[in-house]
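Below: entry-v4.txt (compact mmCIF, C-alpha atoms)
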```
# COMPACT_ATOMS: atom_id res chain seq x y z
CA MET A 1008 28.24 95.38 4.15
CA GLN A 1009 26.98 91.94 4.97
CA GLN A 1010 28.89 91.83 8.29
CA MET A 1011 26.85 94.72 9.62
CA THR A 1012 23.50 92.96 9.43
CA LYS A 1013 23.40 92.57 13.15
CA TYR A 1014 25.15 95.70 14.31
CA SER A 1015 25.81 98.93 12.48
CA GLU A 1016 29.49 99.87 12.55
CA GLU A 1017 28.69 102.70 14.99
CA GLU A 1018 26.78 100.35 17.26
CA LEU A 1019 29.53 97.75 17.15
CA ILE A 1020 32.16 100.36 18.00
CA ALA A 1021 30.09 101.71 20.89
CA ARG A 1022 29.58 98.22 22.30
CA LEU A 1023 33.25 97.34 21.98
CA GLN A 1024 34.22 100.54 23.75
CA ASN A 1025 32.06 99.33 26.62
CA LYS A 1026 33.82 95.97 26.61
CA ASP A 1027 30.75 94.10 25.39
CA GLN A 1028 31.85 90.51 24.97
CA ALA A 1029 28.91 89.60 22.73
CA ALA A 1030 30.00 92.34 20.35
CA PHE A 1031 33.53 90.99 20.47
CA SER A 1032 32.25 87.52 19.62
CA TYR A 1033 30.39 89.05 16.66
CA LEU A 1034 33.57 90.86 15.63
CA TYR A 1035 35.45 87.58 15.70
CA ASP A 1036 32.83 85.73 13.67
CA ASN A 1037 32.90 88.35 10.96
CA TYR A 1038 36.57 89.26 10.73
CA ALA A 1039 38.72 86.48 12.17
CA ALA A 1040 38.95 84.67 8.81
CA ALA A 1041 39.98 87.82 6.96
CA LEU A 1042 42.62 88.65 9.57
CA ASN A 1043 43.77 85.04 9.57
CA GLY A 1044 44.10 85.26 5.78
CA ILE A 1045 46.54 88.14 6.21
CA ILE A 1046 48.55 86.29 8.87
CA ILE A 1047 48.92 83.02 6.98
CA ARG A 1048 50.16 84.85 3.91
CA MET A 1049 53.24 85.69 5.95
CA VAL A 1050 53.42 82.86 8.47
CA GLU A 1051 53.82 79.25 7.45
CA GLU A 1052 53.73 77.66 10.92
CA THR A 1053 50.14 76.96 11.97
CA GLN A 1054 50.84 77.34 15.68
CA LEU A 1055 52.59 80.66 15.27
CA ALA A 1056 49.80 81.93 12.99
CA GLU A 1057 47.21 80.96 15.60
CA ASP A 1058 49.22 82.67 18.35
CA ILE A 1059 49.40 85.84 16.29
CA LEU A 1060 45.66 85.80 15.54
CA GLN A 1061 44.92 85.37 19.24
CA GLU A 1062 47.28 88.19 20.15
CA ALA A 1063 45.79 90.40 17.45
CA PHE A 1064 42.30 89.97 18.87
CA LEU A 1065 43.58 90.58 22.40
CA LYS A 1066 45.22 93.75 21.17
CA ILE A 1067 42.02 94.85 19.45
CA TRP A 1068 40.07 94.16 22.65
CA ASN A 1069 42.53 95.78 25.04
CA ASN A 1070 43.39 98.78 22.89
CA PHE A 1071 39.93 99.46 21.61
CA LYS A 1072 39.87 102.91 23.21
CA GLN A 1073 42.66 103.89 20.83
CA TYR A 1074 40.49 103.27 17.80
CA ASP A 1075 39.48 106.58 16.25
CA SER A 1076 36.67 106.24 13.72
CA SER A 1077 37.54 109.61 12.22
CA LYS A 1078 40.83 108.19 10.99
CA GLY A 1079 39.51 105.12 9.27
CA ARG A 1080 37.10 102.25 9.25
CA LEU A 1081 37.12 99.66 12.03
CA PHE A 1082 37.99 96.75 9.77
CA THR A 1083 40.86 98.70 8.21
CA TRP A 1084 42.15 99.50 11.69
CA MET A 1085 41.96 95.81 12.64
CA ILE A 1086 43.73 94.77 9.47
CA ASN A 1087 46.53 97.26 10.17
CA ILE A 1088 46.92 96.00 13.74
CA THR A 1089 47.07 92.40 12.53
CA ARG A 1090 49.50 93.11 9.73
CA ASN A 1091 51.85 95.11 11.96
CA LEU A 1092 51.71 92.51 14.72
CA THR A 1093 52.54 89.76 12.23
CA ILE A 1094 55.46 91.72 10.80
CA ASP A 1095 56.78 92.57 14.28
CA THR A 1096 56.48 88.96 15.40
CA LEU A 1097 58.31 87.66 12.35
CA ARG A 1098 60.97 90.32 12.73
CA SER A 1099 61.48 89.42 16.39
CA LYS A 1100 61.94 85.82 15.30
CA GLY A 1101 64.53 86.81 12.75
CA TYR A 1102 62.47 86.29 9.60
CA LYS A 1103 63.05 88.51 6.62
CA LYS A 1104 60.28 89.96 4.52
CA GLN A 1105 61.72 88.83 1.21
CA GLN A 1106 61.56 85.16 1.97
CA LYS A 1107 57.98 84.49 1.02
CA ILE A 1108 57.31 86.95 -1.78
CA SER A 1109 58.40 85.14 -4.90
CA GLN A 1110 56.09 82.20 -4.34
CA ASP A 1111 53.17 84.48 -3.75
CA GLU A 1112 52.13 85.51 -7.24
CA ASN A 1113 49.35 83.00 -7.42
CA SER A 1114 48.39 83.28 -3.80
CA VAL A 1115 44.89 84.56 -4.47
CA SER A 1116 43.96 81.33 -6.17
CA ASP A 1117 46.09 79.34 -3.70
CA TYR A 1118 43.85 80.25 -0.86
CA ARG A 1119 40.60 80.33 -2.83
CA ASP A 1120 39.36 76.91 -1.77
CA LYS A 1121 39.75 77.68 1.91
CA SER A 1122 38.52 81.20 1.51
CA PHE A 1123 35.96 82.90 3.61
CA ASN A 1124 32.65 82.73 1.81
CA THR A 1125 30.31 85.60 2.25
CA GLU A 1126 26.85 85.81 0.80
CA LYS A 1127 27.72 89.00 -0.89
CA PHE A 1128 30.71 87.83 -2.85
CA ASP A 1129 30.56 85.28 -5.58
CA THR A 1130 34.05 84.08 -4.93
CA ILE A 1131 34.41 82.06 -8.07
CA GLY A 1132 33.23 84.94 -10.15
CA LEU A 1133 35.38 87.32 -8.19
CA ARG A 1134 38.38 85.13 -8.67
CA LYS A 1135 37.93 85.31 -12.40
CA GLN A 1136 37.52 89.03 -12.11
CA LEU A 1137 40.58 89.39 -9.92
CA GLN A 1138 42.58 87.64 -12.58
CA GLN A 1139 41.90 90.70 -14.67
CA LEU A 1140 44.25 92.53 -12.33
CA LYS A 1141 47.57 92.78 -14.05
CA PRO A 1142 50.30 90.85 -12.19
CA ASP A 1143 52.15 94.14 -11.59
CA GLN A 1144 49.07 95.60 -9.98
CA LYS A 1145 48.27 92.55 -7.91
CA ILE A 1146 51.83 92.20 -6.62
CA ILE A 1147 51.95 95.83 -5.61
CA ILE A 1148 48.70 95.49 -3.66
CA ASP A 1149 49.75 92.25 -2.03
CA LEU A 1150 53.19 93.51 -1.07
CA ALA A 1151 51.72 96.43 0.75
CA TYR A 1152 48.48 94.94 2.01
CA PHE A 1153 49.59 91.46 2.98
CA TYR A 1154 53.27 91.94 3.64
CA GLY A 1155 53.36 95.45 5.05
CA TYR A 1156 55.89 96.77 2.57
CA THR A 1157 56.47 100.50 2.63
CA GLN A 1158 56.43 102.43 -0.65
CA GLU A 1159 60.22 102.61 -0.56
CA GLU A 1160 60.51 98.88 -0.05
CA ILE A 1161 58.15 98.19 -2.95
CA SER A 1162 60.16 100.58 -5.11
CA LYS A 1163 63.35 98.72 -4.28
CA GLU A 1164 61.83 95.26 -4.55
CA MET A 1165 60.22 95.89 -7.94
CA ASN A 1166 62.96 98.21 -9.11
CA ILE A 1167 60.60 101.04 -10.06
CA PRO A 1168 60.63 104.71 -9.05
CA LEU A 1169 58.71 105.76 -5.94
CA GLY A 1170 56.28 107.88 -8.00
CA THR A 1171 55.47 104.87 -10.16
CA VAL A 1172 54.71 102.83 -7.04
CA LYS A 1173 52.01 105.33 -6.06
CA THR A 1174 50.55 105.56 -9.56
CA ARG A 1175 50.42 101.81 -9.99
CA MET A 1176 48.96 101.32 -6.56
CA ARG A 1177 46.19 103.77 -7.39
CA THR A 1178 45.51 102.14 -10.75
CA ALA A 1179 45.46 98.72 -9.13
CA ILE A 1180 43.00 99.73 -6.44
CA ILE A 1181 40.75 101.50 -8.93
CA GLU A 1182 40.73 98.30 -10.93
CA LEU A 1183 39.95 96.36 -7.78
CA ARG A 1184 37.10 98.67 -6.93
CA LYS A 1185 35.62 98.21 -10.37
CA ILE A 1186 35.78 94.45 -10.04
CA LEU A 1187 34.19 94.55 -6.62
CA GLN A 1188 31.49 96.93 -7.72
CA TYR A 1189 30.37 94.61 -10.48
CA ASN A 1190 30.08 91.68 -8.13
CA MET B 967 46.97 120.53 -3.05
CA GLU B 968 43.61 120.47 -4.72
CA LYS B 969 41.29 117.61 -3.83
CA GLU B 970 41.56 116.16 -7.35
CA GLU B 971 45.32 116.12 -7.04
CA ILE B 972 45.05 114.48 -3.64
CA ILE B 973 42.73 111.82 -4.94
CA SER B 974 44.95 111.05 -7.90
CA SER B 975 48.20 111.12 -5.92
CA GLY B 976 47.97 107.47 -4.85
CA LEU B 977 48.59 108.49 -1.24
CA LEU B 978 45.02 107.65 -0.15
CA GLU B 979 45.50 104.08 -1.37
CA MET B 980 48.77 103.89 0.48
CA TYR B 981 47.12 105.24 3.57
CA ALA B 982 44.28 102.72 3.36
CA ILE B 983 46.67 99.80 3.29
CA GLY B 984 48.93 101.22 6.00
CA ALA B 985 51.87 101.96 3.71
CA THR B 986 52.24 105.66 4.44
CA SER B 987 54.97 107.23 6.57
CA ALA B 988 54.04 108.95 9.83
CA GLU B 989 54.23 112.31 8.11
CA GLU B 990 52.06 111.22 5.19
CA THR B 991 49.55 109.66 7.58
CA LYS B 992 49.17 112.98 9.39
CA GLN B 993 48.74 114.76 6.05
CA VAL B 994 46.03 112.38 4.85
CA GLU B 995 44.17 112.66 8.15
CA GLN B 996 44.18 116.43 7.77
CA TRP B 997 42.90 116.22 4.16
CA LYS B 998 40.16 113.92 5.34
CA ILE B 999 38.95 116.64 7.68
CA ASP B 1000 39.40 119.44 5.14
CA TYR B 1001 37.83 117.75 2.11
CA PRO B 1002 34.69 115.64 2.39
CA ALA B 1003 35.38 114.37 -1.15
CA VAL B 1004 38.75 113.03 0.02
CA ALA B 1005 37.10 111.36 3.01
CA GLU B 1006 34.52 109.75 0.72
CA GLU B 1007 37.22 108.55 -1.68
CA LEU B 1008 39.19 107.08 1.19
CA TYR B 1009 36.09 105.33 2.48
CA GLN B 1010 35.56 103.70 -0.91
CA ILE B 1011 39.21 102.61 -1.05
CA GLU B 1012 38.96 101.10 2.42
CA ILE B 1013 35.82 99.20 1.51
CA ALA B 1014 37.55 97.85 -1.59
CA MET B 1015 40.56 96.73 0.38
CA GLU B 1016 38.40 95.16 3.06
CA ALA B 1017 36.58 93.23 0.38
CA TYR B 1018 39.93 92.11 -0.98
CA ALA B 1019 40.89 90.96 2.52
CA LEU B 1020 37.58 89.11 2.89
CA PHE B 1021 38.14 87.46 -0.45
CA ASN B 1022 41.51 86.24 0.77
CA ALA B 1023 40.11 85.16 4.11
CA VAL B 1024 40.97 81.75 5.57
CA GLN B 1025 38.90 80.32 8.40
CA PRO B 1026 41.02 79.83 11.48
CA ALA B 1027 40.86 76.62 13.54
CA VAL B 1028 37.52 76.27 15.32
CA HIS B 1029 39.05 75.97 18.80
CA LEU B 1030 40.67 79.41 18.54
CA LYS B 1031 37.47 81.37 19.11
CA SER B 1032 36.75 79.90 22.53
CA GLU B 1033 40.41 80.30 23.48
CA ILE B 1034 40.44 83.95 22.50
CA LEU B 1035 37.13 84.65 24.23
CA ALA B 1036 38.41 82.86 27.33
CA SER B 1037 41.62 84.89 27.30
CA ILE B 1038 39.80 88.24 27.13
CA ASP B 1039 37.49 86.97 29.83
CA SER B 1040 40.34 86.06 32.15
CA LYS B 1041 42.05 89.36 31.39
CA ASN B 1042 38.91 91.23 32.39
CA ASN B 1043 38.65 89.27 35.59
CA LEU B 1044 42.30 89.84 36.31
CA LYS B 1045 41.78 93.57 36.44
CA THR B 1046 39.20 93.39 39.20
CA VAL B 1047 40.42 90.50 41.32
CA ALA B 1048 44.13 90.62 40.65
CA THR B 1049 45.13 91.71 44.15
CA PRO B 1050 43.09 89.28 46.24
CA GLY B 1051 43.83 86.60 43.69
CA LYS B 1052 47.51 87.09 44.21
CA ILE B 1053 47.18 86.96 47.98
CA ILE B 1054 45.10 83.81 47.82
CA SER B 1055 47.47 82.13 45.45
CA ILE B 1056 50.60 83.01 47.42
CA SER B 1057 49.39 82.55 50.95
CA PRO B 1058 48.76 78.78 50.88
CA LEU B 1059 52.27 78.35 49.60
CA TRP B 1060 53.66 80.35 52.49
CA LYS B 1061 51.40 78.49 54.88
CA SER B 1062 52.60 75.14 53.69
CA MET B 1063 56.17 76.37 53.67
CA ALA B 1064 55.79 77.68 57.21
CA ALA B 1065 54.19 74.39 58.26
CA ALA B 1066 57.00 72.49 56.63
CA ALA B 1067 59.54 74.72 58.33
CA LEU B 1068 57.84 74.18 61.68
CA VAL B 1069 57.86 70.42 61.19
CA LEU B 1070 61.51 70.59 60.31
CA LEU B 1071 62.23 72.78 63.32
CA VAL B 1072 60.41 70.46 65.73
CA GLY B 1073 62.03 67.45 64.14
CA SER B 1074 65.38 69.11 64.43
CA ALA B 1075 64.76 70.00 68.09
CA VAL B 1076 63.77 66.42 68.88
CA LEU B 1077 66.84 65.12 67.15
CA ASN B 1078 68.97 67.71 68.94
CA LEU B 1079 67.64 66.52 72.28
CA LEU B 1080 68.18 62.91 71.29
CA PHE B 1081 71.68 63.57 70.13
CA TYR B 1082 72.43 65.73 73.14
CA ASN B 1083 71.36 62.93 75.50
CA LYS B 1084 73.40 60.46 73.56
CA TYR B 1085 76.28 62.86 73.65
CA LYS B 1086 75.90 63.34 77.41
CA ASN B 1087 75.75 59.62 77.95
CA ALA B 1088 78.72 59.01 75.80
CA ASN B 1089 80.58 61.87 77.39
CA SER B 1090 79.95 60.65 80.94
CA LYS B 1091 80.97 57.17 79.91
CA TYR B 1092 84.01 58.64 78.30
CA GLU B 1093 84.85 60.64 81.45
CA GLU B 1094 84.28 57.55 83.55
CA GLY B 1095 86.63 55.68 81.32
CA GLN B 1096 89.12 58.52 81.53
CA GLN B 1097 88.96 58.40 85.33
CA GLN B 1098 89.34 54.66 85.42
CA MET B 1099 92.18 54.86 83.02
CA ALA B 1100 93.82 57.54 85.14
CA LEU B 1101 93.41 55.28 88.16
CA GLN B 1102 94.83 52.34 86.29
CA THR B 1103 97.64 54.47 84.99
CA GLU B 1104 98.39 55.59 88.51
CA LYS B 1105 98.37 52.01 89.71
CA LEU B 1106 100.50 50.96 86.82
CA ASN B 1107 102.94 53.78 87.54
CA GLU B 1108 103.17 52.65 91.14
CA LEU B 1109 103.68 49.08 90.12
CA ASN B 1110 106.29 50.17 87.62
CA LYS B 1111 108.02 52.14 90.31
CA ASP B 1112 107.89 49.18 92.65
CA TRP B 1113 109.02 46.89 89.93
CA THR B 1114 111.91 49.18 89.03
CA LEU B 1115 112.82 49.14 92.65
CA VAL B 1116 112.79 45.37 92.84
CA GLN B 1117 114.49 45.01 89.48
CA SER B 1118 117.26 47.52 90.06
CA LYS B 1119 120.75 46.00 90.15
CA TYR B 1120 121.54 48.23 93.15
CA SER B 1121 118.51 47.06 95.08
CA GLN B 1122 119.45 44.93 98.16
CA PRO B 1123 116.40 43.02 99.39
CA VAL B 1124 116.19 42.35 103.12
CA ALA B 1125 113.58 39.99 104.48
CA LEU B 1126 112.23 40.96 107.88
CA LYS B 1127 110.93 37.94 109.79
CA GLY B 1128 108.21 37.69 112.36
CA LEU B 1129 109.23 37.72 116.02
CA GLU B 1130 107.55 36.61 119.21
CA ALA B 1131 104.78 39.25 119.10
CA ALA B 1132 103.71 38.14 115.60
CA PRO B 1133 105.41 35.00 114.38
CA ASP B 1134 103.50 35.02 111.02
CA ALA B 1135 104.36 38.62 110.25
CA ALA B 1136 106.88 39.55 107.59
CA ALA B 1137 108.14 42.61 105.71
CA LYS B 1138 110.60 43.35 102.91
CA ILE B 1139 113.19 46.08 102.70
CA PHE B 1140 114.73 47.25 99.47
CA TRP B 1141 117.94 49.16 100.24
CA MET B 1142 119.66 50.86 97.35
CA LYS B 1143 123.37 50.23 97.66
CA ASN B 1144 124.36 53.15 95.46
CA THR B 1145 122.19 55.85 97.01
CA GLY B 1146 121.24 54.45 100.41
CA GLU B 1147 117.55 54.97 99.72
CA THR B 1148 115.42 52.58 101.74
CA TYR B 1149 111.98 51.22 100.76
CA ILE B 1150 109.71 48.94 102.74
CA ASP B 1151 106.92 46.63 101.61
CA PRO B 1152 104.84 46.21 104.78
CA SER B 1153 102.20 44.05 103.12
CA ASN B 1154 102.47 41.18 105.55
CA LEU B 1155 102.35 43.11 108.78
CA PRO B 1156 99.28 42.63 110.98
CA ASP B 1157 96.62 45.36 111.00
CA VAL B 1158 97.44 48.21 113.33
CA PRO B 1159 95.18 48.95 116.30
CA ALA B 1160 93.72 52.45 116.54
CA GLY B 1161 96.17 55.08 117.77
CA MET B 1162 99.17 52.98 116.89
CA GLN B 1163 101.58 53.02 113.92
CA TYR B 1164 104.53 50.92 112.78
CA GLN B 1165 107.92 52.57 112.96
CA LEU B 1166 110.99 51.38 111.01
CA TRP B 1167 114.40 51.32 112.67
CA ALA B 1168 117.76 51.07 111.06
CA ILE B 1169 120.27 49.24 113.28
CA ILE B 1170 123.57 51.07 112.84
CA ASP B 1171 126.50 50.03 115.01
CA GLY B 1172 124.13 48.15 117.33
CA LYS B 1173 121.88 51.13 117.95
CA PRO B 1174 118.38 51.66 116.53
CA VAL B 1175 118.04 54.83 114.45
CA ASP B 1176 114.59 56.12 113.44
CA ALA B 1177 114.02 55.26 109.79
CA GLY B 1178 110.56 56.78 109.51
CA MET B 1179 106.89 55.97 110.14
CA ILE B 1180 105.13 53.36 107.99
CA THR B 1181 101.92 54.67 106.49
CA SER B 1182 99.08 52.42 107.54
CA LYS B 1183 97.00 50.38 105.12
CA VAL B 1184 94.75 52.24 102.76
CA GLY B 1185 91.83 49.89 102.33
CA LYS B 1186 93.27 46.48 102.36
CA LYS B 1187 96.64 47.22 100.90
CA TYR B 1188 99.94 48.62 101.92
CA LYS B 1189 102.07 50.41 99.48
CA ILE B 1190 105.79 50.02 99.14
CA GLN B 1191 106.98 53.25 100.69
CA LYS B 1192 110.14 55.21 100.77
CA MET B 1193 111.81 55.58 104.20
CA LYS B 1194 114.88 57.47 105.38
CA THR B 1195 118.23 57.14 103.67
CA PHE B 1196 121.19 55.37 105.20
CA GLY B 1197 124.80 55.06 104.07
CA LYS B 1198 125.53 51.91 105.95
CA VAL B 1199 123.21 49.74 108.00
CA GLN B 1200 123.44 46.29 109.55
CA ALA B 1201 119.76 45.46 110.12
CA PHE B 1202 116.18 46.76 109.97
CA ALA B 1203 113.42 46.31 112.53
CA VAL B 1204 109.75 47.35 112.81
CA THR B 1205 108.13 48.15 116.13
CA LEU B 1206 104.53 49.10 116.93
CA GLU B 1207 104.58 52.62 118.41
CA THR B 1208 102.03 55.26 119.25
CA THR B 1209 100.90 57.27 116.22
CA GLY B 1210 103.65 59.65 115.13
CA GLY B 1211 106.39 57.46 116.50
CA ASN B 1212 109.08 57.78 119.15
CA PRO B 1213 112.74 58.83 119.13
CA THR B 1214 113.70 55.45 120.60
CA PRO B 1215 111.69 52.21 120.25
CA LYS B 1216 109.16 51.77 123.10
CA GLY B 1217 106.70 49.24 121.67
CA LYS B 1218 107.03 45.59 120.79
CA MET B 1219 109.20 44.58 117.90
CA TYR B 1220 107.25 42.75 115.17
CA VAL B 1221 109.77 41.91 112.47
CA MET B 1222 113.52 42.10 112.03
CA GLY B 1223 116.13 41.21 109.38
CA GLU B 1224 119.84 41.57 108.85
CA ILE B 1225 121.43 42.69 105.62
```
For this file, write the structure as structure tokens.
Amino acid sequence: MQQMTKYSEEELIARLQNKDQAAFSYLYDNYAAALNGIIIRMVEETQLAEDILQEAFLKIWNNFKQYDSSKGRLFTWMINITRNLTIDTLRSKGYKKQQKISQDENSVSDYRDKSFNTEKFDTIGLRKQLQQLKPDQKIIIDLAYFYGYTQEEISKEMNIPLGTVKTRMRTAIIELRKILQYN
Amino acid sequence: MEKEEIISSGLLEMYAIGATSAEETKQVEQWKIDYPAVAEELYQIEIAMEAYALFNAVQPAVHLKSEILASIDSKNNLKTVATPGKIISISPLWKSMAAAALVLLVGSAVLNLLFYNKYKNANSKYEEGQQQMALQTEKLNELNKDWTLVQSKYSQPVALKGLEAAPDAAAKIFWMKNTGETYIDPSNLPDVPAGMQYQLWAIIDGKPVDAGMITSKVGKKYKIQKMKTFGKVQAFAVTLETTGGNPTPKGKMYVMGEI
């Protein structure tokens, strides 16, 4: 990936395990916007969103020894930390998950203009491609990926059987992979 | 489960986006170890999802980066210098508190001394006043007593007039008709020479009867003093006798008066 032009993932991980602040700065430059994108999907208040992003990075820095590369990629691990932290924070403040879902169906295009531009992705082209995702597929991805819904919660929310949730999720991600591959 | 079944189950996708239960997570992690094809599939899913996240990225505020870097920096420093840092940060507070306490203590001591001196002053003045008042009260009581004596309806005043030995001398007797008590005011008797004392005589049936010794002046003043008691008496006389007096008058008579 484009983010690894400076460090390989292995190198980055090794440096972060040694508390290399330059590596951390690099990590921030490459992933802060993506993590922020996840947070602001769920959090409307700018200050709270910034607090969560800061805490997420602190958590990544302080708990880096817990990262196990055999279990998943670094970025995926960071995304999971950020998503869980955001959900926990909202929960502790009494928010409910359901509140922001309905207005979210067009959220990909909502955030397009502010989106993180990488050299690799033609965002305008990708946006068109992402519109090929069926709404059912996109919602299922977003619910899980951006809102931390469990399979059971998605099943309840969309009123579909649990097995269908898994099948649709797989179809949606395969579709997504195809779109990404062609870009 | 066969690897094809695993791949098509949808669980890998769930795992990649963190939507699996703890049990499912463990299962997927095991499959990843057991089947390289599963691991590869998962890797591709993760890359796809990461790309999706990057596509949805929103740049955070510019100031956040320096804040976050500063916060990890201060956290790192905290670990190594936390203990001395704490001591340094607390000790000046205690120092200033101790200094403040000392200032307060000294100030309090000074004030205590000041107030104690004032108290002592006031107290001695108060005691002085008490003493003076006691003196005045005593004087007043005496005067009251004297005055009662003079005022009493039973009191029979008898003026004793100066005789040949001291023509200017005088004395007053107050004889209580109801009780026979006899008082003398010797204020106008001449000063007594050393070793001598005035003696009062009651003249009863023409004979002098000892009525008691007159206490000499204290300072410049005589007091009205109580003498012996008589039921009936015709006259009183004062003679100058040797200290302690005599059974019968031996010295010169100074004053005399008839009732």
Quiz item: In terms of the shortest atom-to-atom distance over all atoms listed in the file, which of B:Ala1027, B:Leu1077, B:Leu1008, B:Ala1067 is closest to Ala1056 of chain A?
Solution: B:Ala1027
Quiz prompt | Shell of 8 Å around segment 1130-1142 of chain B, only C-alpha atoms, local chain residues under 3 positions omitted, as a PyMOL selection string | solution = chain B and resi 1115-1116+1120-1127+1145-1156+1202+1218-1221
Exercise. Rank A:Lys1066, A:Arg1022, A:Lys1185, A:Lys1163 by their smallest atom-to-atom distance to Ile1086 of chain A, using only C-alpha atoms, and report the top residue only.
Key: A:Lys1066
Quiz prompt | Test item: chain B residues at most 9 Å from chain A, counting all atoms listed in the file, as a PyMOL selection string | solution = chain B and resi 974-980+982-987+995+998-999+1008-1027+1030-1031+1033-1035+1037-1039
Practice problem: Would you work out the distance separating atom CA of Thr1195 of chain B from atom CA of Gly1223 of chain B, expressed in Å to one decimal? | Solution: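 Taking atom CA of Thr1195 of chain B and atom CA of Gly1223 of chain B, their separation equals 17.1 Å.
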Quiz item: Within 6 Å of Gly1217 of chain B, counting all atoms listed in the file, which residues qualify if same-chain residues fewer than 5 places away don't, as a PyMOL selection string?
Solution: chain B and resi 1205-1207
Keeping only C-alpha atoms, write the selected residues to a file as an mmCIF file, keeping the file's coordinate frame.
```cif
data_model
loop_
_atom_site.group_PDB
_atom_site.id
_atom_site.type_symbol
_atom_site.label_atom_id
_atom_site.label_comp_id
_atom_site.auth_asym_id
_atom_site.auth_seq_id
_atom_site.Cartn_x
_atom_site.Cartn_y
_atom_site.Cartn_z
ATOM 1 C CA THR B 1205 108.130 48.150 116.130
ATOM 2 C CA LEU B 1206 104.530 49.100 116.930
ATOM 3 C CA GLU B 1207 104.580 52.620 118.410
#
```
Quiz item: atom CA of Met1049 of chain A and atom CA of Tyr1154 of chain A, how far apart in Å?
Solution: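 Computing it gives 6.7 Å between the two atoms.
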Quiz prompt | Interatomic distance (Å, one decimal) between atom CA of Ala1201 of chain B and atom CA of Lys1189 of chain B | solution =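 According to the coordinates, atom CA of Ala1201 of chain B and atom CA of Lys1189 of chain B are separated by 21.2 Å.
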Set the distance at 12 Å and use all atoms listed in the file: which residues neighbour segment 1097-1111 of chain B once local chain neighbours fewer than 3 positions away are removed? I'd like the list as a short mmCIF file (atom, residue, chain, number, x, y, z; two decimals) with C-alpha atoms, in the coordinates of the input.
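Saved the output as part_18.cif:
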```cif
data_model
loop_
_atom_site.label_atom_id
_atom_site.label_comp_id
_atom_site.auth_asym_id
_atom_site.auth_seq_id
_atom_site.Cartn_x
_atom_site.Cartn_y
_atom_site.Cartn_z
CA SER B 1090 79.95 60.65 80.94
CA LYS B 1091 80.97 57.17 79.91
CA TYR B 1092 84.01 58.64 78.30
CA GLU B 1093 84.85 60.64 81.45
CA GLU B 1094 84.28 57.55 83.55
CA THR B 1114 111.91 49.18 89.03
CA LEU B 1115 112.82 49.14 92.65
CA VAL B 1116 112.79 45.37 92.84
CA GLN B 1117 114.49 45.01 89.48
CA SER B 1118 117.26 47.52 90.06
CA TYR B 1149 111.98 51.22 100.76
CA TYR B 1188 99.94 48.62 101.92
CA LYS B 1189 102.07 50.41 99.48
CA ILE B 1190 105.79 50.02 99.14
CA GLN B 1191 106.98 53.25 100.69
CA LYS B 1192 110.14 55.21 100.77
#
```
Quiz item: For Asn1144 of chain B, which of B:Gln1163, B:Gly1128, B:Glu990, B:Phe1196 is the closest residue, counting only C-alpha atoms?
Solution: B:Phe1196
